[in-house]
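J.: Provided below: final.txt, containing compact mmCIF, C-alpha atoms.
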# COMPACT_ATOMS: atom_id res chain seq x y z
CA SER A 1 62.39 -89.12 -21.05
CA THR A 2 61.59 -90.66 -17.70
CA LEU A 3 61.43 -89.12 -14.31
CA PHE A 4 62.92 -90.96 -11.43
CA PRO A 5 61.77 -89.62 -8.15
CA TYR A 6 63.59 -91.07 -5.26
CA THR A 7 62.59 -91.26 -1.65
CA THR A 8 63.91 -93.02 1.36
CA LEU A 9 61.23 -94.93 3.15
CA PHE A 10 63.10 -96.00 6.19
CA ARG A 11 66.50 -96.98 7.31
CA SER A 12 67.21 -99.47 9.99
CA PRO A 13 70.46 -101.26 10.60
CA TYR A 14 68.54 -104.08 12.07
CA SER A 15 66.06 -104.67 9.23
CA TYR A 16 66.94 -107.50 7.06
CA GLY A 17 70.57 -106.89 7.52
CA ALA A 18 70.52 -103.96 5.14
CA THR A 19 71.50 -100.42 5.78
CA GLY A 20 68.37 -98.94 4.07
CA TRP A 21 65.79 -99.23 1.32
CA LEU A 22 65.61 -97.06 -1.77
CA VAL A 23 62.30 -96.96 -3.66
CA ARG A 24 62.19 -95.57 -7.16
CA THR A 25 59.10 -94.79 -9.30
CA GLU A 26 59.04 -93.91 -12.92
CA GLN A 27 56.46 -91.85 -14.98
CA PRO A 28 56.63 -90.60 -18.58
CA ALA A 29 57.18 -86.80 -18.88
CA SER A 30 54.18 -86.43 -21.21
CA VAL A 31 51.93 -87.76 -18.49
CA ALA A 32 53.55 -85.74 -15.72
CA LEU A 33 53.45 -82.44 -17.68
CA SER A 34 50.10 -82.88 -19.43
CA ALA A 35 48.31 -80.45 -17.06
CA LEU A 36 50.99 -77.83 -17.63
CA ASP A 37 50.67 -78.20 -21.38
CA SER A 38 46.91 -77.76 -21.16
CA PHE A 39 47.39 -74.62 -19.06
CA GLU A 40 49.88 -73.23 -21.54
CA ARG A 41 47.42 -73.75 -24.39
CA THR A 42 44.39 -72.22 -22.65
CA LEU A 43 46.16 -69.26 -20.99
CA PRO A 44 46.38 -67.07 -24.14
CA ILE A 45 42.75 -67.72 -25.01
CA VAL A 46 41.55 -66.92 -21.51
CA THR A 47 43.75 -63.83 -21.42
CA LEU A 48 42.39 -62.62 -24.78
CA ILE A 49 38.83 -63.22 -23.71
CA ALA A 50 39.47 -61.33 -20.47
CA ILE A 51 41.01 -58.40 -22.32
CA VAL A 52 38.15 -58.23 -24.84
CA THR A 53 35.60 -58.47 -22.04
CA ALA A 54 37.37 -55.72 -20.10
CA LEU A 55 37.44 -53.52 -23.19
CA LEU A 56 33.75 -54.07 -23.85
CA LEU A 57 32.80 -53.38 -20.25
CA SER A 58 34.98 -50.30 -20.10
CA THR A 59 33.54 -49.01 -23.39
CA VAL A 60 29.99 -49.51 -22.15
CA GLN A 61 30.83 -47.82 -18.88
CA ILE A 62 32.58 -44.94 -20.59
CA ARG A 63 29.66 -44.44 -22.93
CA ARG A 64 27.23 -44.63 -20.06
CA SER A 65 29.21 -42.13 -18.04
CA HIS A 66 29.72 -39.79 -21.00
CA ARG A 67 26.10 -39.83 -22.21
CA PRO A 68 25.11 -37.10 -19.70
CA LEU A 69 28.01 -35.03 -20.99
CA ALA A 70 26.72 -35.48 -24.53
CA VAL A 71 23.23 -34.39 -23.43
CA LEU A 72 24.64 -31.33 -21.70
CA THR A 73 26.83 -30.50 -24.69
CA ASP A 74 23.85 -30.73 -27.03
CA ALA A 75 21.79 -28.49 -24.75
CA VAL A 76 24.57 -25.89 -24.63
CA GLU A 77 24.95 -25.92 -28.43
CA HIS A 78 21.18 -25.62 -28.83
CA MET A 79 21.08 -22.61 -26.53
CA GLY A 80 24.04 -21.08 -28.35
CA ARG A 81 22.49 -21.51 -31.80
CA ARG A 82 18.93 -20.50 -31.02
CA GLY A 83 19.19 -18.66 -27.74
CA LEU A 84 16.54 -20.98 -26.28
CA HIS A 85 16.83 -22.99 -23.09
CA ARG A 86 16.11 -26.73 -23.28
CA HIS A 87 15.60 -28.41 -19.93
CA VAL A 88 18.11 -31.20 -19.27
CA THR A 89 17.01 -34.27 -17.27
CA ILE A 90 19.71 -36.62 -15.90
CA ASP A 91 18.77 -39.18 -13.25
CA THR A 92 22.11 -40.72 -12.45
CA ASP A 93 22.28 -39.63 -8.81
CA ASP A 94 25.87 -38.55 -9.20
CA GLU A 95 27.94 -35.54 -10.14
CA TYR A 96 26.38 -35.47 -13.60
CA GLN A 97 22.91 -35.00 -12.14
CA HIS A 98 24.18 -32.14 -9.96
CA LEU A 99 25.85 -30.64 -13.03
CA ALA A 100 22.60 -30.88 -15.00
CA GLN A 101 20.68 -29.18 -12.20
CA ALA A 102 23.25 -26.39 -12.07
CA PHE A 103 23.02 -26.03 -15.86
CA ASN A 104 19.21 -25.78 -15.73
CA ARG A 105 19.41 -23.08 -13.08
CA MET A 106 22.00 -21.17 -15.07
CA ALA A 107 20.14 -21.55 -18.36
CA SER A 108 16.84 -20.54 -16.75
CA GLY A 109 18.47 -17.41 -15.37
CA LEU A 110 20.03 -16.60 -18.73
CA ALA A 111 16.72 -17.16 -20.51
CA ARG A 112 15.04 -14.76 -18.10
CA GLN A 113 17.81 -12.22 -18.66
CA PHE A 114 17.46 -12.52 -22.44
CA GLU A 115 13.69 -12.05 -22.25
CA LEU A 116 14.13 -9.04 -19.97
CA PHE A 117 16.59 -7.52 -22.42
CA ARG A 118 14.22 -8.18 -25.32
CA THR A 119 11.37 -6.53 -23.44
CA LEU A 120 13.53 -3.52 -22.55
CA ALA A 121 14.63 -3.24 -26.18
CA ARG A 122 10.99 -3.41 -27.25
CA ILE A 123 10.18 -0.53 -24.90
CA ASP A 124 13.09 1.46 -26.32
CA ARG A 125 11.79 0.95 -29.86
CA MET A 126 8.30 1.97 -28.81
CA ILE A 127 9.65 5.10 -27.11
CA LEU A 128 11.32 6.08 -30.37
CA ASP A 129 7.90 5.83 -32.04
CA ASP A 130 6.51 8.30 -29.45
CA PRO A 131 3.42 6.41 -28.27
CA SER A 132 1.31 7.69 -25.43
CA THR A 133 2.08 6.40 -21.95
CA GLU A 134 -1.24 4.56 -21.88
CA VAL A 135 -0.45 2.68 -25.10
CA LEU A 136 3.04 1.80 -23.86
CA VAL A 137 1.75 0.50 -20.53
CA GLU A 138 -1.04 -1.56 -22.07
CA LYS A 139 1.37 -3.30 -24.45
CA ILE A 140 4.21 -3.98 -22.01
CA LEU A 141 2.59 -4.49 -18.61
CA PRO A 142 1.01 -7.98 -19.14
CA ALA A 143 4.46 -9.58 -19.59
CA LEU A 144 6.06 -8.04 -16.50
CA PRO A 145 4.54 -10.14 -13.65
CA ARG A 146 6.12 -13.30 -15.06
CA LEU A 147 9.43 -11.63 -15.85
CA LEU A 148 9.72 -10.00 -12.44
CA HIS A 149 8.35 -12.99 -10.49
CA ALA A 150 5.63 -10.84 -8.94
CA PRO A 151 1.92 -11.69 -8.66
CA VAL A 152 0.94 -8.13 -9.65
CA VAL A 153 2.80 -5.29 -11.38
CA ALA A 154 1.36 -1.79 -11.69
CA VAL A 155 2.26 1.65 -13.04
CA ALA A 156 0.83 4.76 -11.39
CA VAL A 157 0.91 8.12 -13.20
CA ALA A 158 -0.50 11.50 -12.22
CA THR A 159 -2.98 12.67 -14.85
CA ARG A 160 -2.34 16.20 -16.09
CA ASP A 161 -5.93 17.25 -16.63
CA SER A 162 -7.51 16.25 -13.31
CA GLY A 163 -4.49 15.92 -11.02
CA LYS A 164 -5.64 12.44 -10.02
CA VAL A 165 -3.55 9.26 -10.10
CA ALA A 166 -4.24 6.67 -12.79
CA ILE A 167 -3.04 3.15 -11.98
CA TRP A 168 -2.64 0.47 -14.64
CA TRP A 169 -2.04 -3.05 -13.32
CA SER A 170 -1.79 -6.62 -14.51
CA SER A 171 -1.44 -9.92 -12.65
CA ALA A 172 0.49 -13.11 -13.38
CA THR A 173 -2.76 -14.91 -14.25
CA ALA A 174 -4.20 -12.19 -16.51
CA THR A 175 -3.47 -11.24 -20.11
CA THR A 176 -5.11 -7.81 -20.01
CA VAL A 177 -4.47 -4.53 -18.25
CA GLU A 178 -6.90 -3.04 -15.76
CA ARG A 179 -7.10 0.65 -14.88
CA VAL A 180 -7.97 2.22 -11.55
CA GLN A 181 -8.63 5.94 -10.99
CA ALA A 182 -7.48 6.98 -7.52
CA ASP A 183 -9.03 10.27 -6.43
CA ALA A 184 -7.45 10.78 -3.01
CA LEU A 185 -3.98 9.34 -3.52
CA LEU A 186 -0.58 11.02 -3.65
CA LEU A 187 2.35 9.67 -5.63
CA GLU A 188 4.62 10.28 -2.63
CA ASN A 189 2.64 7.66 -0.71
CA LEU A 190 3.35 5.03 -3.37
CA ILE A 191 7.12 4.91 -2.86
CA GLY A 192 8.60 2.15 -0.68
CA ARG A 193 6.59 -0.52 1.07
CA ILE A 194 2.81 0.01 0.91
CA ASP A 195 -0.08 -1.88 2.41
CA VAL A 196 -2.14 -3.31 -0.43
CA HIS A 197 -5.28 -2.99 1.71
CA ALA A 198 -5.02 0.79 1.66
CA PRO A 199 -7.90 2.66 -0.03
CA ALA A 200 -7.78 2.68 -3.85
CA LEU A 201 -5.24 -0.19 -3.84
CA THR A 202 -7.38 -3.15 -2.82
CA GLN A 203 -8.19 -3.91 -6.46
CA LEU A 204 -4.50 -4.61 -7.05
CA SER A 205 -4.76 -7.83 -5.03
CA PRO A 206 -7.23 -10.10 -6.85
CA ASN A 207 -8.17 -13.08 -4.68
CA GLY A 208 -5.65 -11.97 -2.07
CA SER A 209 -2.69 -12.81 -4.30
CA ALA A 210 -0.62 -9.97 -2.86
CA GLN A 211 -0.22 -8.75 0.68
CA ALA A 212 1.97 -5.70 0.12
CA LEU A 213 3.27 -3.41 -2.60
CA TYR A 214 6.78 -2.16 -3.18
CA GLY A 215 6.92 1.15 -5.06
CA LEU A 216 9.80 2.54 -7.10
CA PRO A 217 9.83 6.20 -8.20
CA ILE A 218 9.37 7.27 -11.83
CA GLU A 219 11.08 10.63 -12.09
CA VAL A 220 11.38 13.07 -14.98
CA ALA A 221 14.01 15.82 -14.57
CA GLY A 222 14.07 15.24 -10.83
CA LYS A 223 10.29 15.51 -10.52
CA LEU A 224 8.19 12.59 -9.28
CA CYS A 225 5.76 11.80 -12.11
CA GLY A 226 4.76 8.23 -11.30
CA ALA A 227 5.50 5.01 -9.45
CA PHE A 228 6.33 1.46 -10.56
CA LEU A 229 4.66 -1.00 -8.19
CA LEU A 230 5.50 -4.65 -7.46
CA ALA A 231 3.04 -6.74 -5.47
CA ASP A 232 5.80 -8.64 -3.70
CA PRO A 233 6.46 -8.23 0.02
CA GLU A 234 9.94 -9.68 -0.41
CA SER A 235 10.95 -7.61 -3.43
CA ARG A 236 14.71 -7.82 -3.24
CA GLY A 237 17.65 -8.78 -5.42
CA SER A 238 17.27 -9.19 -9.13
CA SER A 239 13.51 -8.53 -9.25
CA THR A 240 13.95 -5.08 -7.75
CA ARG A 241 16.98 -4.37 -9.95
CA HIS A 242 15.08 -5.27 -13.10
CA ALA A 243 12.05 -3.33 -11.88
CA ARG A 244 14.24 -0.22 -11.62
CA ALA A 245 15.24 -0.69 -15.26
CA PHE A 246 11.56 -0.72 -16.28
CA ALA A 247 10.86 2.30 -14.05
CA ARG A 248 13.62 4.22 -15.86
CA ARG A 249 12.13 3.27 -19.24
CA PHE A 250 8.69 4.52 -18.21
CA ALA A 251 10.32 7.73 -16.97
CA VAL A 252 11.86 8.23 -20.40
CA ALA A 253 8.45 7.59 -22.00
CA LEU A 254 6.76 10.13 -19.72
CA GLY A 255 9.49 12.69 -20.41
CA SER A 256 9.16 12.12 -24.14
CA GLU A 257 5.40 12.53 -23.95
CA GLU A 258 5.74 15.76 -21.98
CA ARG A 259 8.22 17.17 -24.49
CA ARG A 260 6.00 16.15 -27.37
CA GLU A 261 2.99 17.82 -25.80
CA SER A 262 5.05 20.91 -25.01
CA LEU A 263 6.22 21.19 -28.61
CA LEU A 264 2.69 20.59 -29.84
CA LYS A 265 1.39 23.28 -27.53
CA GLN A 266 4.03 25.74 -28.67
CA ALA A 267 3.24 25.03 -32.32
CA TYR A 268 -0.55 25.07 -32.16
CA TYR A 269 -1.63 26.95 -29.05
CA ASP A 270 -1.42 30.55 -27.92
CA ASP A 271 1.08 31.07 -25.10
CA LEU A 272 -1.04 33.61 -23.21
CA THR A 273 -4.57 32.22 -23.40
CA GLY A 274 -3.93 28.56 -24.19
CA LEU A 275 -6.42 28.78 -27.05
CA PRO A 276 -5.68 27.35 -30.51
CA ASN A 277 -3.52 29.73 -32.54
CA ARG A 278 -3.89 30.76 -36.16
CA GLN A 279 -2.27 27.57 -37.51
CA LEU A 280 -4.51 25.21 -35.55
CA PHE A 281 -7.52 27.40 -36.34
CA LYS A 282 -6.88 26.98 -40.07
CA ASP A 283 -6.45 23.21 -39.72
CA ARG A 284 -9.71 22.81 -37.81
CA LEU A 285 -11.59 25.13 -40.14
CA GLU A 286 -10.45 23.10 -43.13
CA ARG A 287 -11.55 19.93 -41.38
CA GLU A 288 -14.98 21.32 -40.49
CA LEU A 289 -15.49 22.65 -44.03
CA ALA A 290 -14.56 19.26 -45.51
CA HIS A 291 -17.04 17.55 -43.17
CA ALA A 292 -19.74 20.10 -44.00
CA LYS A 293 -19.19 19.54 -47.71
CA ARG A 294 -19.60 15.77 -47.34
CA SER A 295 -22.64 16.00 -45.06
CA GLN A 296 -24.26 19.00 -46.81
CA THR A 297 -24.33 21.03 -43.59
CA GLN A 298 -23.28 24.54 -42.62
CA VAL A 299 -20.39 26.02 -40.64
CA ALA A 300 -20.56 29.42 -38.95
CA LEU A 301 -17.52 31.60 -38.43
CA ILE A 302 -17.74 34.36 -35.80
CA TYR A 303 -14.99 36.99 -35.83
CA ILE A 304 -14.48 38.94 -32.57
CA ASP A 305 -12.31 42.06 -32.32
CA LEU A 306 -12.01 43.92 -29.02
CA ASP A 307 -12.75 47.61 -29.33
CA ARG A 308 -10.03 50.09 -28.34
CA PHE A 309 -7.83 47.45 -26.79
CA LYS A 310 -4.76 49.55 -27.58
CA HIS A 311 -6.05 52.13 -25.13
CA VAL A 312 -5.72 49.62 -22.29
CA ASN A 313 -2.12 48.82 -23.22
CA ASP A 314 -1.23 52.51 -23.44
CA SER A 315 -2.95 53.61 -20.24
CA MET A 316 -2.47 50.59 -17.96
CA GLY A 317 0.50 48.76 -19.45
CA HIS A 318 0.99 45.57 -21.38
CA SER A 319 0.59 43.39 -18.29
CA ALA A 320 -2.93 44.77 -17.85
CA GLY A 321 -3.61 44.16 -21.52
CA ASP A 322 -2.48 40.54 -21.17
CA ALA A 323 -4.67 40.11 -18.09
CA LEU A 324 -7.64 41.53 -20.00
CA LEU A 325 -7.05 39.21 -22.96
CA LEU A 326 -6.82 36.22 -20.63
CA ALA A 327 -10.04 37.17 -18.87
CA VAL A 328 -11.83 37.74 -22.20
CA SER A 329 -10.69 34.36 -23.52
CA LYS A 330 -12.06 32.62 -20.42
CA ARG A 331 -15.32 34.54 -20.68
CA LEU A 332 -15.74 33.56 -24.34
CA ALA A 333 -14.74 29.93 -23.73
CA SER A 334 -17.45 29.61 -21.11
CA GLN A 335 -20.12 30.35 -23.76
CA VAL A 336 -19.13 27.86 -26.49
CA ARG A 337 -20.00 24.22 -27.02
CA GLU A 338 -17.56 21.30 -26.93
CA SER A 339 -17.90 20.95 -30.69
CA ASP A 340 -16.93 24.60 -31.25
CA THR A 341 -13.37 25.88 -31.65
CA LEU A 342 -12.41 29.22 -30.09
CA ALA A 343 -9.04 30.50 -31.31
CA ARG A 344 -6.93 33.61 -30.88
CA LEU A 345 -5.59 34.86 -34.20
CA GLY A 346 -3.29 37.39 -32.55
CA GLY A 347 -3.47 40.66 -30.66
CA ASP A 348 -7.08 41.32 -29.68
CA GLU A 349 -8.62 39.17 -32.44
CA PHE A 350 -10.59 36.03 -31.62
CA VAL A 351 -12.51 33.73 -33.93
CA LEU A 352 -15.04 30.98 -33.28
CA ILE A 353 -15.82 28.00 -35.52
CA ALA A 354 -19.35 26.76 -34.86
CA PRO A 355 -20.41 23.76 -36.96
CA GLY A 356 -24.09 23.06 -37.49
CA PRO A 357 -25.65 26.52 -37.04
CA ASP A 358 -29.01 25.07 -38.08
CA ASP A 359 -29.41 23.62 -34.59
CA HIS A 360 -27.79 26.61 -32.88
CA PRO A 361 -28.27 29.80 -34.96
CA ALA A 362 -24.99 31.67 -35.37
CA HIS A 363 -26.50 35.08 -34.68
CA VAL A 364 -27.85 33.83 -31.35
CA LEU A 365 -24.38 32.59 -30.39
CA ALA A 366 -22.82 35.91 -31.45
CA GLU A 367 -25.28 37.83 -29.32
CA ARG A 368 -24.55 35.55 -26.37
CA LEU A 369 -20.82 36.22 -26.74
CA GLN A 370 -21.38 39.97 -26.83
CA ALA A 371 -23.58 39.76 -23.75
CA ALA A 372 -20.92 37.83 -21.87
CA LEU A 373 -18.33 40.48 -22.65
CA ARG A 374 -20.57 43.23 -21.27
CA GLU A 375 -20.06 41.86 -17.78
CA PRO A 376 -17.37 43.79 -15.87
CA ILE A 377 -13.82 42.44 -15.73
CA VAL A 378 -11.44 43.37 -12.93
CA VAL A 379 -7.91 44.06 -14.15
CA GLN A 380 -5.28 45.24 -11.66
CA GLU A 381 -7.98 46.34 -9.24
CA ALA A 382 -9.66 48.36 -11.99
CA THR A 383 -13.05 47.50 -13.47
CA CYS A 384 -13.11 47.20 -17.26
CA PHE A 385 -16.07 46.70 -19.54
CA ALA A 386 -14.81 44.85 -22.60
CA GLN A 387 -16.99 45.08 -25.65
CA ALA A 388 -16.21 43.89 -29.10
CA SER A 389 -17.04 44.16 -32.77
CA VAL A 390 -18.44 40.91 -34.15
CA GLY A 391 -18.48 39.65 -37.72
CA LEU A 392 -20.42 36.62 -38.92
CA ALA A 393 -20.09 34.40 -41.99
CA VAL A 394 -21.73 31.06 -42.82
CA TYR A 395 -20.51 28.32 -45.16
CA PRO A 396 -21.37 27.89 -48.00
CA GLN A 397 -23.42 31.09 -48.45
CA ASP A 398 -20.62 33.53 -47.54
CA GLY A 399 -17.60 31.60 -48.76
CA ALA A 400 -16.59 28.26 -50.27
CA ASP A 401 -13.20 27.97 -48.55
CA ALA A 402 -11.46 29.04 -45.37
CA GLU A 403 -9.88 32.23 -46.69
CA ALA A 404 -13.09 33.43 -48.32
CA LEU A 405 -15.11 32.68 -45.20
CA LEU A 406 -12.65 34.54 -42.97
CA ARG A 407 -12.68 37.59 -45.27
CA SER A 408 -16.48 37.62 -45.24
CA ALA A 409 -16.56 37.48 -41.45
CA ASP A 410 -14.01 40.30 -41.22
CA ARG A 411 -15.95 42.50 -43.66
CA SER A 412 -19.25 41.95 -41.87
CA GLU A 413 -17.77 43.09 -38.56
CA GLU A 414 -20.06 45.53 -36.83
CA HIS A 415 -18.99 47.95 -34.16
CA THR A 416 -21.52 47.67 -31.41
CA SER A 417 -19.76 49.24 -28.45
CA GLU A 418 -16.52 50.60 -27.12
CA LEU A 419 -14.04 49.47 -24.57
CA GLN A 420 -14.38 51.49 -21.41
CA SER A 421 -11.92 51.41 -18.55
CA PRO A 422 -13.00 53.39 -15.58
CA ILE A 423 -10.22 53.56 -13.02
Would you mind writing the file's structure down as structure tokens?

T.:
Amino acid sequence: STLFPYTTLFRSPYSYGATGWLVRTEQPASVALSALDSFERTLPIVTLIAIVTALLLSTVQIRRSHRPLAVLTDAVEHMGRRGLHRHVTIDTDDEYQHLAQAFNRMASGLARQFELFRTLARIDRMILDDPSTEVLVEKILPALPRLLHAPVVAVAVATRDSGKVAIWWSSATATTVERVQADALLLENLIGRIDVHAPALTQLSPNGSAQALYGLPIEVAGKLCGAFLLADPESRGSSTRHARAFARRFAVALGSEERRESLLKQAYYDDLTGLPNRQLFKDRLERELAHAKRSQTQVALIYIDLDRFKHVNDSMGHSAGDALLLAVSKRLASQVRESDTLARLGGDEFVLIAPGPDDHPAHVLAERLQAALREPIVVQEATCFAQASVGLAVYPQDGADAEALLRSADRSEEHTSELQSPI
């Protein structure tokens, strides 16, 4: 086909005697539409390439944007499977980086909580095993400064024997536990905020790592028995809350130790005099005899029976008799060595186990005990002179076992004086 474009160039009634000129050009359609045909052929290819390129770019972008999510997901699954926190690092400077930082803070807090719970559970298990307070403190205290975010953590307990305050402490940079004996320190002064530069507390701030202490009470049955100390002048929030949980655990441990000692005392010690009773006497005598048998040494057994003690009970009352027994036990205890065992068998009967009589002759010790009892004893404003019958037996000459030795000492008892009670 042919195209015939027409155009009027000019019209003039005066030009060449014609009314106008008509100019016509012709061009083949294939030539006129060749550019359109080329466009129609290339358009699908260009469109396909553009779509593929867009898909590739979008896939890369999606993967790039979802990679932080994959890292976070893997970290969450790892923490769920193993209970361990794995630090997540995302440097995209966008919401994903903020999300990773929030996850790290959350996971770090959870990891700290889990470790605190594990430590508390460990204390609970140890309490069930009934360890001493010193053993419990030495095993648990080194981990607490890091858990409680405190440079120094300490436990103060009043000692029962001396009435002084023992302080165990550990720092964040140490792996051992140090002990301080405070002579002039009251537990009441260790509750609340305390100046670490106070006397007996300066050792709790190595290299000036702490400026102040914050003390929490350790109470057993409403009685202040100790203090849990944090070297942290800003002890607030979770650190203080967790510290209270540890203070309660140590209170349970102290209460358990007190009950255990009370039961032990009831089972093995005389209620009136505090001396070993018959059961503990037999145990210690068996132990000393076994040691003497291995080492080929001797053991002396001194049996002491107060003369006419019943007369005191009948004439002055049982309270006077108890006071006399208590005074006699103290008088006898003042004459024995640390290696000896003075026990009350019951009533007015006392017995002394003295190992190694070769170095300290048993008869000399018996005479010293009798001499001590000759000193006057004041009972209810009355002066009493307590004298006793003493029996002596030595292993292995007088008996090969505990029962035989005790019978020999009882049979050899000699009455040397009487109990007089001038009123």

J.: For Leu280 of chain A, which residue out of A:Ser38, A:Ser319, A:Gln266, A:Ser58 is the nearest one, using only C-alpha atoms?

T.: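 With only C-alpha atoms as the atom set, the closest residue is A:Gln266.
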
J.: Find the distance between atom CA of Ala386 of chain A and atom CA of Asp283 of chain A and write it in Å to one decimal.

T.: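 Going from atom CA of Ala386 of chain A over to atom CA of Asp283 of chain A, I get 28.8 Å.
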
J.: Please identify all polymer residues within 8 Å of Leu405 of chain A, counting only C-alpha atoms, omitting same-chain residues fewer than 3 positions from it, and present them as a list in words.

T.: Leu301, Ala393, Val394, Tyr395, Asp398, Gly399, Ala400, Asp401, Ala402, Ser408 and Ala409 of chain A

J.: With all atoms listed in the file as the counted atoms, please give the residues lying no more than 12 Å from Asp129 of chain A, apart from itself and same-chain residues fewer than 4 positions off, as an MDAnalysis selection string.

T.: chainID A and resid 122:125 133 135:136 253 256:257 260

J.: I'd like to know which of A:Val46, A:Val177, A:Val155, A:Thr89 is closest to Arg67 of chain A, using only C-alpha atoms.

T.: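 Between A:Val46, A:Val177, A:Val155, A:Thr89, the residue approaching Arg67 of chain A most closely is A:Thr89.
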
J.: Calculate how many Å separate atom CA of Asp305 of chain A from atom CA of Val390 of chain A, rounding to one decimal.

T.: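 About the pair atom CA of Asp305 of chain A and atom CA of Val390 of chain A: they are 6.5 Å apart.
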
J.: Give me, please, the distance in Å between atom CA of Thr119 of chain A and atom CA of Ala251 of chain A, quoted to one decimal.

T.: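 One can read the atom CA of Thr119 of chain A to atom CA of Ala251 of chain A distance as 15.7 Å.
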
J.: Between A:Glu375, A:Ala333, A:Gln279, A:Tyr303, which is the closest to His363 of chain A once you count all atoms listed in the file?

T.: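 Closest to His363 of chain A, using all atoms listed in the file: A:Tyr303.
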